[in-house]
Amino acid sequence: MTTTEFGIVYAVHIITSHFGSVASKVCECLLRRGPLSSREISRLAESDINHSKVKDILYLLIQHNCVQAFSIEPPDGSESKAIVQYIALFSNILHRARYNKFSSKVVNEELGSQCSGVLDGLLSNGRLTLEQLIDRDRDSKKQMGSEAIRDSLQKLVAARFVERVPSPEPVLGNKDEGPAQKKRGAKPSKIFKEPESLEERILEAATPVDAIRFPFIFEQGSSSTVADDDSNISEGKRKQPEVDYTSGPSNEVIWRPNFEELIRRLRHKACVEIVKERRDEGCANVMKAMLEVGRSQEKKAKTDKSVRTPIFFSVPMSMGSIYEELIKTDAGREMTQERVEACLEQLSATSSYLPAFVIESDGSYIVDFKSIISVAQKDEMESVVMRRYGKEAFRMFRYLSQEDRFVETDKIADAALTEKKDTPQILLKMWKDGYLHMQKLAVTGVYIPFLLWKVNKLIVSRQMLDEMYHASLNLSLRLTHETDSEKELLLLPMEKLEGALKERRNKYRAKSVLLTSARFKLDDAIMLFHDF
Amino acid sequence: MSKRKRPEPKSSSGGINEDEKNILGLIRSKQGMGATTYEMRTATKIQPTLITRAVASLKKSSLIKEVPNMNNKGIKHFLAVEFQPCKELTGGDWYIDGALDVSKIEGLKEICVRILERLKSKVVTLDVIYSYFEKASSDADKLSREQTREILKNLVLDNVVMEVKSNGLTDFSATRIGEICYKLTGKKSGGGEARDGAFALVPCGACPHIGLCTPDGVISPTTCVYFQKWLDF
């Protein structure tokens, strides 16, 4: 899904609050205009930022994984040098607002507090070597020790929560050349692949093969096992950089958080949560076990470069393998095989209320991620329609979603049992806000054209996402406003406050908690539409 | 048999004049749909002023009645008193005097939910619910099969009831395989409830002016009255 207007404004706001206004100008320039060279940025950025400052900011944003450099191979025979360009990584910028989720909800729960501490270091510094992680620990109050840090890092890499930094500056093949070569000898219909965005091509070219990205053995000071080899970079050639950013000054490997895996775990958690809410605890346990079984294969499918479409299904798994995984957990051990079978039957059932979460075919089961996530997306959309436009509109919206075609105003009123004279106004309100699609049908002899309405899920999702970015931005701005208005009060120590002042401070705290938790939950909803 | 009277410019208390007779004939021929003054003019070629006078007279003598059109509120339809207005004019079974009978619909929906809650088998077919309304003591509560289906469909749109196809097993043992059944949503029926959307819970989710809101604009998160109310502890 492409970035929306408020998506950009929200991303720029995150960068402003983390790195200041100058960095945000560079970032906004990249987000709005697409990939640019550093010279172009210094020319196009709104305020006067000189070239060297632009470069410094770009290095800062690269360090924090918000920008990726790349260059495009000049056409054959051309003597011109490939110009380095920079692209803003919109999703990575948004991840900055959810770092605590990665750390506390994913890593802390799965690998413990030490690993989460190491990940915190990487999240706040962007990229670090093992040595830098150890130095950082030495300066902290709660020291973990170098051994513990090395072990934690190793665990994080093994679980794929941390990866080796990607190629600093991948060179993309000439764009016109690629498809022509592929087409040779094959019918166009047979080789049709969904077109990749430039960002996807760059990230794919920059990402090393798994053996380098997630090495099994790594020693401080030794880079032999993880030698950076151009041949290991699939698709797209790597220009030999002047400075190798994938290894530090002592030729040590540089690590960074692997957002892809962290988001995948959050997606799995969200799926289990949805199943728990919509079915029951037993079904949620079965779903959890299925996700565990499918995890390793899911990884393989994702890293297979021939498959670039997002994974919406898990691999097929047998009842036996699900049960085997299930009995590894305490909750699972309480379940009999018969109960598991009943849960799988429930998960495969379809109704007007819920789609099938699991697809059964020839005795094996597949998790349908798309259908699980779509249930939560639908809940989000419908609850907004309910709150903003009322119960009648909610019924109309649900009816049009079910029908998935253009329906005439009167038919909608009949189906939703709403007052016919009020129906057009309600529908028009939703249409004005982009929640409905409308078409006029002129009929000869009838003065007023018929109005036909439809819910276009793609348009609604985009509209919702834009409004959610806007809301998240508003929550953050309001919190800043509340903090600014109580600036002086916040400077006073809590113990010295009494009476009205203490009450004011408590009110501020309550407001701050409400705004922060609302933004936290809203971010979960944003992920449903943007990341899952 | 009445004697033919001489045409009179104004109708006498007992009879009607020729124009009125023609108009009444046209109105009767249109049955439940009735006729508009425009249709009377084109069909009878009588002058508009005379039509207005004739219609008023027929109304006064209770031979015709005026019914508003649901779809074109400005157009009045005139029906012979012996006919009931058709669905196109009234809006259907759920409309009374041109207005949707919301209280009746809501009442029937409540009855449906109560029936579903009371029943031991969690799933029921349309026929089961229909049998309750068929046996209803008062005429007002009696429903046709189609009306019962409409009420259940409306509950599905309300997300209170769900439609499920019977697979003939467990809960569905009393139903035919493939038959459409109805079941309550939510915890009571052993299912989950739709989650409250995180976006709908913040003021911006319900804000009708979100499109006009900008960080430094007239409507902004710092000056927003909805935020003020939400954060008023």
# chains A, B, ... in the order shown; residues from 1 in each chain; ligands from 1
call {"tool": "select_by_dssp", "arguments": {"residues": "region 21-220 of chain B", "states": "strand (DSSP E)", "output": "NGL selection string"}}
result
:B and (64-68 or 76-80 or 95-96 or 99-100 or 123-125 or 161-165 or 180-184)
call {"tool": "interface_residues", "arguments": {"of": "chain B", "to": "chain A", "cutoff": "7 Å", "atoms": "only C-alpha atoms", "output": "list in words"}}
result
Leu100, Asn154, Leu157, Asp158, Met162, Glu163, Val164, Lys165, Gly191, Gly192, Glu193, Ala194, Arg195, Asp196, Gly197, Ala198, Phe199, Ala200, Val202, Cys204, Gly205, Ala206, Cys207, Pro208, Pro221, Thr222, Leu231 and Phe233 of chain B
call {"tool": "residues_around", "arguments": {"residues": "region 56-67 of chain B", "least_positions_apart": "4", "cutoff": "10 Å", "atoms": "only C-alpha atoms", "output": "compact mmCIF listing (two decimals) with C-alpha atoms, in the first residue's frame"}}
result
# COMPACT_ATOMS: atom_id res chain seq x y z
CA LYS B 10 -70.35 22.32 -9.06
CA SER B 11 -71.15 18.98 -7.60
CA SER B 12 -74.29 18.82 -5.58
CA SER B 13 -74.27 17.22 -2.17
CA GLY B 14 -75.60 13.89 -3.47
CA GLY B 15 -74.00 13.37 -6.94
CA ILE B 16 -70.89 14.15 -8.95
CA ASN B 17 -70.41 15.97 -12.22
CA GLU B 20 -65.42 14.21 -11.45
CA LYS B 21 -66.82 11.02 -12.85
CA ILE B 23 -61.40 11.49 -12.87
CA LEU B 24 -62.84 8.99 -10.41
CA ILE B 27 -58.33 6.87 -10.24
CA ARG B 28 -60.23 3.61 -9.73
CA MET B 33 -51.10 3.14 -7.23
CA GLY B 34 -53.69 5.92 -7.64
CA ALA B 35 -53.25 8.85 -9.99
CA THR B 36 -51.39 12.13 -9.74
CA LEU B 50 -61.15 22.04 -13.06
CA ILE B 51 -59.05 19.03 -12.02
CA THR B 52 -58.10 20.75 -8.79
CA ILE B 75 -46.10 14.35 -5.59
CA LYS B 76 -49.49 13.43 -4.18
CA HIS B 77 -51.30 10.31 -5.33
CA PHE B 78 -55.11 10.08 -5.20
CA LEU B 79 -56.61 6.64 -4.57
CA ALA B 80 -60.20 5.48 -4.54
CA VAL B 81 -61.18 4.87 -0.91
CA GLU B 82 -61.77 1.16 -1.50
CA PHE B 83 -58.11 0.57 -2.40
CA GLN B 84 -55.10 0.32 -0.11
CA PRO B 85 -51.95 2.15 -1.24
CA LEU B 89 -46.27 4.45 -2.44
CA THR B 90 -46.13 3.50 1.20
CA ASP B 97 -48.63 6.75 7.22
CA GLY B 98 -45.52 7.19 5.14
call {"tool": "residues_around", "arguments": {"residues": "region 283-293 of chain A", "least_positions_apart": "6", "cutoff": "10 Å", "atoms": "only C-alpha atoms", "output": "JSON, numbers by chain"}}
result
{"A": [265, 268, 269, 271, 272, 273, 274, 275, 276, 277, 314, 315, 316, 317, 318, 319, 321, 322, 323, 324, 325, 326, 327, 328, 329, 331, 332, 335, 339, 340, 341, 342, 343, 344, 345, 346, 347, 357, 358, 365, 366, 367]}
call {"tool": "residues_around", "arguments": {"residues": "region 121-125 of chain A", "least_positions_apart": "6", "cutoff": "7 Å", "atoms": "only C-alpha atoms", "output": "CSV table (one decimal) with N, CA and C atoms, in the first residue's frame"}}
result
chain,number,residue,atom,x,y,z
A,64,HIS,N,20.2,4.9,11.6
A,64,HIS,CA,18.9,4.6,12.3
A,64,HIS,C,18.0,3.8,11.4
A,99,TYR,N,8.9,0.7,19.1
A,99,TYR,CA,10.0,0.0,19.6
A,99,TYR,C,9.7,-0.8,20.9
A,256,ARG,N,21.8,-5.0,13.4
A,256,ARG,CA,20.7,-4.1,13.6
A,256,ARG,C,19.4,-4.9,13.8
A,257,PRO,N,18.3,-4.3,14.3
A,257,PRO,CA,17.1,-5.1,14.5
A,257,PRO,C,16.5,-5.5,13.2
call {"tool": "atom_distance", "arguments": {"atom1": "CA of Leu30 (chain A)", "atom2": "CA of Ile87 (chain A)"}}
result
6.3 Å
call {"tool": "residues_around", "arguments": {"residues": "region 150-165 of chain A", "least_positions_apart": "6", "cutoff": "6 Å", "atoms": "only C-alpha atoms", "output": "PyMOL selection string"}}
result
chain A and resi 115+213-214+246+254-258+261
call {"tool": "closest_residue", "arguments": {"among": "A:Glu488, A:Glu408, A:Glu260, A:Glu338", "to": "His95 (chain A)", "atoms": "only C-alpha atoms"}}
result
A:Glu260
